[in-house]
Amino acid sequence: MCLRQIQTIFQVLLRRFITFNDQSDYFDLYKILATVSAIHYDAICWIDQTLWIVYRFLPILVNVSYFYKAYRLILLPEDNTSAAVVIASVWGFTEGTLRIGIIELCYGTLSKIMSFLNERSYRCQDALVRQQRAALFVRNNRIQFTLVATMLIVAAWFMTTQLFSRDAFMLQINGQVVDSAAVQILYGLLCNVWGLIYVLSFAIFYIIMNTLQLEMMILLDGIASVQFTVMNRAKHQLEILEPSGHSSQMQQHVFWGMLQSELNKNISRHVNLLDILKEFSSIVGPFSFVQYYGTFALIADCGFILSMEGLSTNGMIYLIFVTVLIFQSFIICRGIEKINDLNEAIGHELYAGFNWPELLQYDERFRYQHAAARHSLMLVIGRSQKGFQCSYGGLGGISMERFAQLMQKSYSLLTLLLQFTK
């Protein structure tokens, strides 16, 4: 009976994250995973807040212990592999701490962005748009489940092949390994929490970028269909008015009213998206700065360890970690570029995708409507060509070119480190 109840609860929870409806929250699963991995929690009362602080403080103690190991290495140098392991761990844990700090400091802005993306009133009656949003909801949640499953596999791998085979990964006091399997297992589990922090702190930006890309694509498709939509609605309205008779002036009045209404709806959506992108850039910039330079050092350090370990059981965990680092950097650079491309495509679609000389024929009787439509078009085209400005904390823009530079710099640093093994 108990097993059946557990299965029922599991099915209900799973259905919650794979079934899309009007109340679905793109970020619901992430919020649960962020609490589990000590990234963020919205405490209800002071008891909740106290328990949360204690829970979050445990991984911080692990970080402090690795700083202690680094200090011991300065006093009593060990072999190159142990030193590289400790340095990589300290760097990774510190970068994870900075990531959490950025998320916590900017969580109000992140909440605003999440609320905006969950408000899906734009083209909500369009069946294709609803299908696209449902597919994104399921895809994002599947990716998060895959990430967590991967990290659990890596954690099991670490616990069984790394934790008890190398002193650098074990809890030490005064340079001596603590002789307690239970303590070391707990210590290893807390180390793995940092793996979740590292991966899931990036997941929120990945989900936001995915959702923003989809909303830009939906807007682009909406703008591309403005001409068809306006002409069809105007024709339908005129058919309704036909029994009562209508003049050419009435036809023009109906057309201009439909056109301005459709343009205003799409322009308002574009302005809102650009405002959200501006808010997003204020967070993703500092986050990317930390990730860029953290990844730069960690790729080189893990590559250095791999060069000594080889593709052995011990070395594979570093290969997986390097793959995750490269994947994260690629995703954020490609995601920002794609958003920029979609924004530019919106202006291009308005400029080249319509027969505006025929549609916007000047008529003295409707000169104000004509001027308003031209002004709206020029406003959107101008803003779309300006681009979405996002930089690494003010030190250059986020782009695929910067990703290529990251790979080059990491290789150069790795080459320098390899000189120490000769």
# chains A, B, ... in the order shown; residues from 1 in each chain; ligands from 1
>>> residues_around(residues="Ile87 of chain A", least_positions_apart="5", cutoff="12 Å", atoms="only C-alpha atoms", output="PDB file with all heavy atoms, in the first residue's frame")
ATOM      1  N   ASN A  63      34.129  24.441   1.468  1.00  0.00           N
ATOM      2  CA  ASN A  63      34.977  25.415   0.763  1.00  0.00           C
ATOM      3  C   ASN A  63      36.116  25.888   1.662  1.00  0.00           C
ATOM      4  O   ASN A  63      37.279  25.965   1.244  1.00  0.00           O
ATOM      5  CB  ASN A  63      34.121  26.598   0.309  1.00  0.00           C
ATOM      6  CG  ASN A  63      34.825  27.456  -0.742  1.00  0.00           C
ATOM      7  OD1 ASN A  63      35.935  27.155  -1.165  1.00  0.00           O
ATOM      8  ND2 ASN A  63      34.171  28.519  -1.154  1.00  0.00           N
ATOM      9  N   TYR A  66      38.917  23.397   1.929  1.00  0.00           N
ATOM     10  CA  TYR A  66      39.827  23.349   0.781  1.00  0.00           C
ATOM     11  C   TYR A  66      40.789  24.540   0.788  1.00  0.00           C
ATOM     12  O   TYR A  66      41.933  24.414   0.327  1.00  0.00           O
ATOM     13  CB  TYR A  66      39.034  23.284  -0.527  1.00  0.00           C
ATOM     14  CG  TYR A  66      38.720  21.859  -0.933  1.00  0.00           C
ATOM     15  CD1 TYR A  66      37.571  21.226  -0.480  1.00  0.00           C
ATOM     16  CD2 TYR A  66      39.589  21.146  -1.740  1.00  0.00           C
ATOM     17  CE1 TYR A  66      37.285  19.919  -0.840  1.00  0.00           C
ATOM     18  CE2 TYR A  66      39.318  19.834  -2.105  1.00  0.00           C
ATOM     19  CZ  TYR A  66      38.163  19.220  -1.650  1.00  0.00           C
ATOM     20  OH  TYR A  66      37.903  17.918  -1.996  1.00  0.00           O
ATOM     21  N   PHE A  67      40.350  25.660   1.298  1.00  0.00           N
ATOM     22  CA  PHE A  67      41.286  26.774   1.484  1.00  0.00           C
ATOM     23  C   PHE A  67      42.373  26.380   2.493  1.00  0.00           C
ATOM     24  O   PHE A  67      43.543  26.748   2.344  1.00  0.00           O
ATOM     25  CB  PHE A  67      40.541  28.025   1.973  1.00  0.00           C
ATOM     26  CG  PHE A  67      40.001  28.871   0.859  1.00  0.00           C
ATOM     27  CD1 PHE A  67      38.651  28.836   0.528  1.00  0.00           C
ATOM     28  CD2 PHE A  67      40.843  29.704   0.135  1.00  0.00           C
ATOM     29  CE1 PHE A  67      38.148  29.615  -0.498  1.00  0.00           C
ATOM     30  CE2 PHE A  67      40.347  30.494  -0.899  1.00  0.00           C
ATOM     31  CZ  PHE A  67      39.005  30.449  -1.221  1.00  0.00           C
ATOM     32  N   TYR A  68      41.964  25.625   3.512  1.00  0.00           N
ATOM     33  CA  TYR A  68      42.937  25.139   4.498  1.00  0.00           C
ATOM     34  C   TYR A  68      43.950  24.197   3.831  1.00  0.00           C
ATOM     35  O   TYR A  68      45.158  24.265   4.105  1.00  0.00           O
ATOM     36  CB  TYR A  68      42.204  24.427   5.629  1.00  0.00           C
ATOM     37  CG  TYR A  68      43.110  23.699   6.587  1.00  0.00           C
ATOM     38  CD1 TYR A  68      43.893  24.402   7.516  1.00  0.00           C
ATOM     39  CD2 TYR A  68      43.188  22.298   6.571  1.00  0.00           C
ATOM     40  CE1 TYR A  68      44.734  23.719   8.392  1.00  0.00           C
ATOM     41  CE2 TYR A  68      44.018  21.622   7.445  1.00  0.00           C
ATOM     42  CZ  TYR A  68      44.794  22.337   8.353  1.00  0.00           C
ATOM     43  OH  TYR A  68      45.626  21.662   9.218  1.00  0.00           O
ATOM     44  N   LYS A  69      43.440  23.316   2.943  1.00  0.00           N
ATOM     45  CA  LYS A  69      44.343  22.411   2.223  1.00  0.00           C
ATOM     46  C   LYS A  69      45.315  23.196   1.339  1.00  0.00           C
ATOM     47  O   LYS A  69      46.502  22.841   1.233  1.00  0.00           O
ATOM     48  CB  LYS A  69      43.531  21.443   1.360  1.00  0.00           C
ATOM     49  CG  LYS A  69      42.698  20.447   2.139  1.00  0.00           C
ATOM     50  CD  LYS A  69      41.851  19.610   1.199  1.00  0.00           C
ATOM     51  CE  LYS A  69      40.882  18.724   1.966  1.00  0.00           C
ATOM     52  NZ  LYS A  69      40.014  17.933   1.059  1.00  0.00           N
ATOM     53  N   ALA A  70      44.818  24.264   0.695  1.00  0.00           N
ATOM     54  CA  ALA A  70      45.689  25.092  -0.145  1.00  0.00           C
ATOM     55  C   ALA A  70      46.764  25.762   0.704  1.00  0.00           C
ATOM     56  O   ALA A  70      47.932  25.870   0.286  1.00  0.00           O
ATOM     57  CB  ALA A  70      44.856  26.136  -0.882  1.00  0.00           C
ATOM     58  N   TYR A  71      46.370  26.213   1.896  1.00  0.00           N
ATOM     59  CA  TYR A  71      47.340  26.822   2.816  1.00  0.00           C
ATOM     60  C   TYR A  71      48.410  25.814   3.216  1.00  0.00           C
ATOM     61  O   TYR A  71      49.608  26.139   3.258  1.00  0.00           O
ATOM     62  CB  TYR A  71      46.598  27.347   4.046  1.00  0.00           C
ATOM     63  CG  TYR A  71      47.501  27.813   5.173  1.00  0.00           C
ATOM     64  CD1 TYR A  71      48.233  29.002   5.056  1.00  0.00           C
ATOM     65  CD2 TYR A  71      47.618  27.063   6.347  1.00  0.00           C
ATOM     66  CE1 TYR A  71      49.060  29.424   6.089  1.00  0.00           C
ATOM     67  CE2 TYR A  71      48.435  27.481   7.387  1.00  0.00           C
ATOM     68  CZ  TYR A  71      49.162  28.666   7.247  1.00  0.00           C
ATOM     69  OH  TYR A  71      49.985  29.082   8.260  1.00  0.00           O
ATOM     70  N   ARG A  72      48.008  24.571   3.488  1.00  0.00           N
ATOM     71  CA  ARG A  72      48.965  23.526   3.843  1.00  0.00           C
ATOM     72  C   ARG A  72      49.915  23.221   2.680  1.00  0.00           C
ATOM     73  O   ARG A  72      51.089  22.921   2.894  1.00  0.00           O
ATOM     74  CB  ARG A  72      48.211  22.250   4.224  1.00  0.00           C
ATOM     75  CG  ARG A  72      47.392  22.338   5.499  1.00  0.00           C
ATOM     76  CD  ARG A  72      48.197  22.220   6.746  1.00  0.00           C
ATOM     77  NE  ARG A  72      48.999  20.994   6.779  1.00  0.00           N
ATOM     78  CZ  ARG A  72      49.777  20.673   7.798  1.00  0.00           C
ATOM     79  NH1 ARG A  72      49.855  21.479   8.852  1.00  0.00           N
ATOM     80  NH2 ARG A  72      50.471  19.552   7.772  1.00  0.00           N
ATOM     81  N   LEU A  73      49.393  23.323   1.451  1.00  0.00           N
ATOM     82  CA  LEU A  73      50.240  23.076   0.284  1.00  0.00           C
ATOM     83  C   LEU A  73      51.330  24.125   0.144  1.00  0.00           C
ATOM     84  O   LEU A  73      52.428  23.844  -0.343  1.00  0.00           O
ATOM     85  CB  LEU A  73      49.389  23.038  -0.994  1.00  0.00           C
ATOM     86  CG  LEU A  73      48.619  21.752  -1.277  1.00  0.00           C
ATOM     87  CD1 LEU A  73      47.733  21.932  -2.491  1.00  0.00           C
ATOM     88  CD2 LEU A  73      49.572  20.589  -1.489  1.00  0.00           C
ATOM     89  N   ILE A  74      51.000  25.355   0.542  1.00  0.00           N
ATOM     90  CA  ILE A  74      52.009  26.425   0.484  1.00  0.00           C
ATOM     91  C   ILE A  74      53.132  26.137   1.485  1.00  0.00           C
ATOM     92  O   ILE A  74      54.321  26.316   1.190  1.00  0.00           O
ATOM     93  CB  ILE A  74      51.356  27.789   0.775  1.00  0.00           C
ATOM     94  CG1 ILE A  74      50.351  28.136  -0.333  1.00  0.00           C
ATOM     95  CG2 ILE A  74      52.420  28.888   0.868  1.00  0.00           C
ATOM     96  CD1 ILE A  74      49.537  29.371  -0.054  1.00  0.00           C
ATOM     97  N   ASN A  80      52.466  17.375  -7.946  1.00  0.00           N
ATOM     98  CA  ASN A  80      51.741  18.289  -8.832  1.00  0.00           C
ATOM     99  C   ASN A  80      50.261  17.947  -8.950  1.00  0.00           C
ATOM    100  O   ASN A  80      49.412  18.837  -9.013  1.00  0.00           O
ATOM    101  CB  ASN A  80      52.378  18.278 -10.224  1.00  0.00           C
ATOM    102  CG  ASN A  80      53.734  18.962 -10.244  1.00  0.00           C
ATOM    103  OD1 ASN A  80      54.032  19.784  -9.377  1.00  0.00           O
ATOM    104  ND2 ASN A  80      54.561  18.620 -11.220  1.00  0.00           N
ATOM    105  N   THR A  81      49.939  16.654  -8.984  1.00  0.00           N
ATOM    106  CA  THR A  81      48.540  16.252  -9.146  1.00  0.00           C
ATOM    107  C   THR A  81      47.687  16.693  -7.960  1.00  0.00           C
ATOM    108  O   THR A  81      46.596  17.254  -8.135  1.00  0.00           O
ATOM    109  CB  THR A  81      48.432  14.728  -9.319  1.00  0.00           C
ATOM    110  OG1 THR A  81      49.268  14.314 -10.401  1.00  0.00           O
ATOM    111  CG2 THR A  81      47.005  14.317  -9.613  1.00  0.00           C
ATOM    112  N   SER A  82      48.175  16.446  -6.754  1.00  0.00           N
ATOM    113  CA  SER A  82      47.425  16.848  -5.552  1.00  0.00           C
ATOM    114  C   SER A  82      47.244  18.357  -5.498  1.00  0.00           C
ATOM    115  O   SER A  82      46.163  18.855  -5.160  1.00  0.00           O
ATOM    116  CB  SER A  82      48.153  16.361  -4.295  1.00  0.00           C
ATOM    117  OG  SER A  82      48.179  14.961  -4.241  1.00  0.00           O
ATOM    118  N   GLY A  92      36.855  26.232  -8.197  1.00  0.00           N
ATOM    119  CA  GLY A  92      35.476  25.890  -8.547  1.00  0.00           C
ATOM    120  C   GLY A  92      34.491  26.244  -7.456  1.00  0.00           C
ATOM    121  O   GLY A  92      33.416  26.802  -7.724  1.00  0.00           O
ATOM    122  N   PHE A  93      34.835  25.941  -6.183  1.00  0.00           N
ATOM    123  CA  PHE A  93      33.946  26.272  -5.072  1.00  0.00           C
ATOM    124  C   PHE A  93      33.783  27.784  -4.928  1.00  0.00           C
ATOM    125  O   PHE A  93      32.683  28.277  -4.638  1.00  0.00           O
ATOM    126  CB  PHE A  93      34.493  25.693  -3.762  1.00  0.00           C
ATOM    127  CG  PHE A  93      34.489  24.185  -3.714  1.00  0.00           C
ATOM    128  CD1 PHE A  93      35.281  23.510  -2.791  1.00  0.00           C
ATOM    129  CD2 PHE A  93      33.698  23.444  -4.570  1.00  0.00           C
ATOM    130  CE1 PHE A  93      35.282  22.124  -2.734  1.00  0.00           C
ATOM    131  CE2 PHE A  93      33.693  22.061  -4.523  1.00  0.00           C
ATOM    132  CZ  PHE A  93      34.486  21.398  -3.611  1.00  0.00           C
ATOM    133  N   THR A  94      34.879  28.515  -5.123  1.00  0.00           N
ATOM    134  CA  THR A  94      34.812  29.980  -5.004  1.00  0.00           C
ATOM    135  C   THR A  94      33.954  30.572  -6.114  1.00  0.00           C
ATOM    136  O   THR A  94      33.145  31.480  -5.881  1.00  0.00           O
ATOM    137  CB  THR A  94      36.227  30.592  -5.050  1.00  0.00           C
ATOM    138  OG1 THR A  94      37.016  30.024  -3.999  1.00  0.00           O
ATOM    139  CG2 THR A  94      36.170  32.093  -4.880  1.00  0.00           C
ATOM    140  N   ALA A 168      43.758  14.354  -1.174  1.00  0.00           N
ATOM    141  CA  ALA A 168      43.355  15.725  -1.507  1.00  0.00           C
ATOM    142  C   ALA A 168      41.847  15.910  -1.452  1.00  0.00           C
ATOM    143  O   ALA A 168      41.349  17.022  -1.235  1.00  0.00           O
ATOM    144  CB  ALA A 168      43.871  16.101  -2.895  1.00  0.00           C
ATOM    145  N   PHE A 169      41.071  14.818  -1.648  1.00  0.00           N
ATOM    146  CA  PHE A 169      39.610  14.898  -1.631  1.00  0.00           C
ATOM    147  C   PHE A 169      39.027  14.607  -0.252  1.00  0.00           C
ATOM    148  O   PHE A 169      37.823  14.708  -0.065  1.00  0.00           O
ATOM    149  CB  PHE A 169      39.004  13.919  -2.638  1.00  0.00           C
ATOM    150  CG  PHE A 169      39.139  14.343  -4.068  1.00  0.00           C
ATOM    151  CD1 PHE A 169      39.754  13.516  -4.991  1.00  0.00           C
ATOM    152  CD2 PHE A 169      38.649  15.566  -4.493  1.00  0.00           C
ATOM    153  CE1 PHE A 169      39.867  13.903  -6.311  1.00  0.00           C
ATOM    154  CE2 PHE A 169      38.763  15.962  -5.814  1.00  0.00           C
ATOM    155  CZ  PHE A 169      39.380  15.127  -6.716  1.00  0.00           C
ATOM    156  N   GLY A 294      36.459  31.988 -14.590  1.00  0.00           N
ATOM    157  CA  GLY A 294      36.498  30.737 -13.844  1.00  0.00           C
ATOM    158  C   GLY A 294      36.709  29.551 -14.769  1.00  0.00           C
ATOM    159  O   GLY A 294      37.525  28.656 -14.497  1.00  0.00           O
ATOM    160  N   ALA A 297      40.383  29.277 -16.156  1.00  0.00           N
ATOM    161  CA  ALA A 297      41.352  28.645 -15.258  1.00  0.00           C
ATOM    162  C   ALA A 297      41.042  27.165 -15.043  1.00  0.00           C
ATOM    163  O   ALA A 297      41.954  26.331 -15.015  1.00  0.00           O
ATOM    164  CB  ALA A 297      41.364  29.384 -13.925  1.00  0.00           C
ATOM    165  N   LEU A 298      39.761  26.819 -14.900  1.00  0.00           N
ATOM    166  CA  LEU A 298      39.403  25.441 -14.597  1.00  0.00           C
ATOM    167  C   LEU A 298      39.671  24.495 -15.765  1.00  0.00           C
ATOM    168  O   LEU A 298      40.072  23.343 -15.563  1.00  0.00           O
ATOM    169  CB  LEU A 298      37.933  25.361 -14.187  1.00  0.00           C
ATOM    170  CG  LEU A 298      37.612  25.867 -12.778  1.00  0.00           C
ATOM    171  CD1 LEU A 298      36.111  25.957 -12.563  1.00  0.00           C
ATOM    172  CD2 LEU A 298      38.242  24.970 -11.724  1.00  0.00           C
ATOM    173  N   ALA A 300      42.048  24.807 -17.974  1.00  0.00           N
ATOM    174  CA  ALA A 300      43.490  24.583 -17.986  1.00  0.00           C
ATOM    175  C   ALA A 300      43.916  23.656 -16.849  1.00  0.00           C
ATOM    176  O   ALA A 300      44.725  22.735 -17.042  1.00  0.00           O
ATOM    177  CB  ALA A 300      44.221  25.921 -17.896  1.00  0.00           C
ATOM    178  N   ASP A 301      43.363  23.878 -15.661  1.00  0.00           N
ATOM    179  CA  ASP A 301      43.740  23.070 -14.498  1.00  0.00           C
ATOM    180  C   ASP A 301      43.305  21.618 -14.671  1.00  0.00           C
ATOM    181  O   ASP A 301      44.082  20.674 -14.420  1.00  0.00           O
ATOM    182  CB  ASP A 301      43.119  23.660 -13.240  1.00  0.00           C
ATOM    183  CG  ASP A 301      43.868  23.243 -11.971  1.00  0.00           C
ATOM    184  OD1 ASP A 301      44.708  22.343 -12.060  1.00  0.00           O
ATOM    185  OD2 ASP A 301      43.611  23.829 -10.912  1.00  0.00           O
ATOM    186  N   CYS A 302      42.057  21.413 -15.101  1.00  0.00           N
ATOM    187  CA  CYS A 302      41.567  20.044 -15.306  1.00  0.00           C
ATOM    188  C   CYS A 302      42.318  19.361 -16.452  1.00  0.00           C
ATOM    189  O   CYS A 302      42.591  18.153 -16.403  1.00  0.00           O
ATOM    190  CB  CYS A 302      40.067  20.050 -15.602  1.00  0.00           C
ATOM    191  SG  CYS A 302      39.044  20.489 -14.174  1.00  0.00           S
ATOM    192  N   PHE A 304      45.381  19.949 -17.176  1.00  0.00           N
ATOM    193  CA  PHE A 304      46.677  19.627 -16.584  1.00  0.00           C
ATOM    194  C   PHE A 304      46.602  18.299 -15.813  1.00  0.00           C
ATOM    195  O   PHE A 304      47.480  17.440 -15.927  1.00  0.00           O
ATOM    196  CB  PHE A 304      47.100  20.763 -15.650  1.00  0.00           C
ATOM    197  CG  PHE A 304      48.381  20.534 -14.914  1.00  0.00           C
ATOM    198  CD1 PHE A 304      49.597  20.590 -15.578  1.00  0.00           C
ATOM    199  CD2 PHE A 304      48.375  20.254 -13.550  1.00  0.00           C
ATOM    200  CE1 PHE A 304      50.789  20.376 -14.894  1.00  0.00           C
ATOM    201  CE2 PHE A 304      49.559  20.043 -12.865  1.00  0.00           C
ATOM    202  CZ  PHE A 304      50.771  20.103 -13.537  1.00  0.00           C
ATOM    203  N   ILE A 305      45.534  18.125 -15.033  1.00  0.00           N
ATOM    204  CA  ILE A 305      45.346  16.875 -14.293  1.00  0.00           C
ATOM    205  C   ILE A 305      45.163  15.703 -15.262  1.00  0.00           C
ATOM    206  O   ILE A 305      45.730  14.619 -15.073  1.00  0.00           O
ATOM    207  CB  ILE A 305      44.138  16.982 -13.346  1.00  0.00           C
ATOM    208  CG1 ILE A 305      44.366  18.075 -12.294  1.00  0.00           C
ATOM    209  CG2 ILE A 305      43.864  15.654 -12.653  1.00  0.00           C
ATOM    210  CD1 ILE A 305      43.150  18.401 -11.460  1.00  0.00           C
TER     211      ILE A 305
END
>>> residues_around(residues="segment 29-43 of chain A", least_positions_apart="4", cutoff="10 Å", atoms="only C-alpha atoms", output="ChimeraX atom specification")
/A:13,16-17,25,47-53,55-59,96-97,99-101,103-104,107,140-141,144-145,148,190,192-201,203-204,207
>>> write_last_selection(atoms="C-alpha atoms", output="short mmCIF file (atom, residue, chain, number, x, y, z; two decimals), in the first residue's frame")
data_model
loop_
_atom_site.label_atom_id
_atom_site.label_comp_id
_atom_site.auth_asym_id
_atom_site.auth_seq_id
_atom_site.Cartn_x
_atom_site.Cartn_y
_atom_site.Cartn_z
CA LEU A 13 4.84 15.20 -9.49
CA ARG A 16 3.27 18.43 -13.07
CA PHE A 17 6.52 18.93 -14.98
CA ASP A 25 5.38 27.80 -14.37
CA ILE A 47 12.44 29.07 11.53
CA ASP A 48 12.62 28.37 7.81
CA GLN A 49 15.25 31.07 7.44
CA THR A 50 17.35 29.64 10.29
CA LEU A 51 17.23 26.10 8.89
CA TRP A 52 18.11 27.43 5.45
CA ILE A 53 21.15 29.31 6.78
CA TYR A 55 21.84 24.05 5.46
CA ARG A 56 23.66 26.54 3.24
CA PHE A 57 26.51 26.92 5.73
CA LEU A 58 27.48 23.21 5.42
CA PRO A 59 28.81 23.46 1.82
CA GLY A 96 30.16 28.67 -7.23
CA THR A 97 29.99 31.01 -4.23
CA ARG A 99 27.49 32.63 -8.74
CA ILE A 100 25.18 32.21 -5.74
CA GLY A 101 26.03 35.73 -4.60
CA ILE A 103 21.80 35.24 -8.06
CA GLU A 104 20.88 36.28 -4.51
CA TYR A 107 16.93 37.69 -7.34
CA ASN A 140 13.48 22.73 -20.30
CA ASN A 141 12.30 20.37 -17.58
CA GLN A 144 17.03 19.86 -15.86
CA PHE A 145 16.19 16.25 -15.04
CA VAL A 148 20.51 16.29 -12.15
CA LEU A 190 28.71 18.00 0.68
CA ASN A 192 28.92 17.02 -4.52
CA VAL A 193 26.45 19.73 -3.51
CA TRP A 194 28.92 22.17 -5.07
CA GLY A 195 28.64 20.22 -8.33
CA LEU A 196 24.88 20.81 -8.28
CA ILE A 197 25.45 24.47 -7.44
CA TYR A 198 27.83 24.87 -10.34
CA VAL A 199 25.46 23.28 -12.86
CA LEU A 200 22.08 24.51 -11.60
CA SER A 201 23.21 28.11 -11.01
CA ALA A 203 20.38 26.46 -15.48
CA ILE A 204 18.30 29.54 -14.57
CA ILE A 207 15.98 28.54 -19.17
#
>>> atom_distance(atom1="atom CA of Ile153 of chain A", atom2="atom CA of Ile185 of chain A")
15.7 Å
>>> select_by_dssp(residues="segment 53-272 of chain A", states="strand (DSSP E or B)", output="PDB file with C-alpha atoms, in the first residue's frame")
ATOM      1  CA  GLN A 172      41.951  16.692   6.905  1.00  0.00           C
ATOM      2  CA  ILE A 173      42.809  18.176  10.295  1.00  0.00           C
ATOM      3  CA  GLN A 176      46.073  14.307   8.776  1.00  0.00           C
ATOM      4  CA  VAL A 177      43.124  12.548   7.118  1.00  0.00           C
TER       5      VAL A 177
END
>>> residues_around(residues="Tyr411 of chain A", least_positions_apart="6", cutoff="10 Å", atoms="only C-alpha atoms", output="compact mmCIF listing (two decimals) with all heavy atoms, in the first residue's frame")
# COMPACT_ATOMS: atom_id res chain seq x y z
N PHE A 296 38.05 29.66 -17.76
CA PHE A 296 39.40 29.81 -18.32
C PHE A 296 40.43 29.07 -17.47
O PHE A 296 41.26 28.30 -17.96
CB PHE A 296 39.71 31.31 -18.42
CG PHE A 296 41.16 31.65 -18.60
CD1 PHE A 296 41.86 31.20 -19.70
CD2 PHE A 296 41.82 32.43 -17.67
CE1 PHE A 296 43.19 31.52 -19.87
CE2 PHE A 296 43.15 32.77 -17.82
CZ PHE A 296 43.84 32.31 -18.93
N ILE A 299 39.43 24.97 -17.00
CA ILE A 299 39.72 24.13 -18.16
C ILE A 299 41.21 23.79 -18.20
O ILE A 299 41.61 22.64 -18.41
CB ILE A 299 39.30 24.83 -19.47
CG1 ILE A 299 37.77 24.84 -19.58
CG2 ILE A 299 39.89 24.12 -20.68
CD1 ILE A 299 37.26 25.58 -20.79
N ALA A 300 42.05 24.81 -17.97
CA ALA A 300 43.49 24.58 -17.99
C ALA A 300 43.92 23.66 -16.85
O ALA A 300 44.72 22.73 -17.04
CB ALA A 300 44.22 25.92 -17.90
N GLY A 303 42.65 20.14 -17.48
CA GLY A 303 43.45 19.59 -18.58
C GLY A 303 44.83 19.17 -18.09
O GLY A 303 45.38 18.16 -18.53
N GLN A 405 37.94 32.88 -28.21
CA GLN A 405 39.06 33.44 -27.44
C GLN A 405 39.26 32.68 -26.12
O GLN A 405 40.39 32.45 -25.69
CB GLN A 405 38.82 34.92 -27.16
CG GLN A 405 38.89 35.80 -28.39
CD GLN A 405 38.53 37.25 -28.07
OE1 GLN A 405 38.31 37.62 -26.92
NE2 GLN A 405 38.47 38.08 -29.10
N LEU A 417 51.15 25.38 -18.12
CA LEU A 417 51.15 24.47 -16.96
C LEU A 417 51.86 23.16 -17.26
O LEU A 417 52.53 22.59 -16.38
CB LEU A 417 49.69 24.18 -16.53
CG LEU A 417 48.92 25.34 -15.88
CD1 LEU A 417 47.46 24.93 -15.66
CD2 LEU A 417 49.55 25.76 -14.57
>>> atom_distance(atom1="atom CA of Tyr206 of chain A", atom2="atom CA of Leu152 of chain A")
20.1 Å
>>> closest_residue(among="A:Phe205, A:Tyr318, A:Trp46, A:Phe137", to="Gly285 of chain A", atoms="only C-alpha atoms")
A:Phe205
>>> closest_residue(among="A:Gly175, A:Gly347, A:Gly335, A:Gly108", to="Pro77 of chain A", atoms="only C-alpha atoms")
A:Gly175
>>> closest_residue(among="A:Thr109, A:Gln260, A:Gln162, A:Thr150", to="Tyr368 of chain A", atoms="only C-alpha atoms")
A:Gln260
>>> atom_distance(atom1="atom CA of Phe202 of chain A", atom2="atom CA of Gln328 of chain A")
7.4 Å
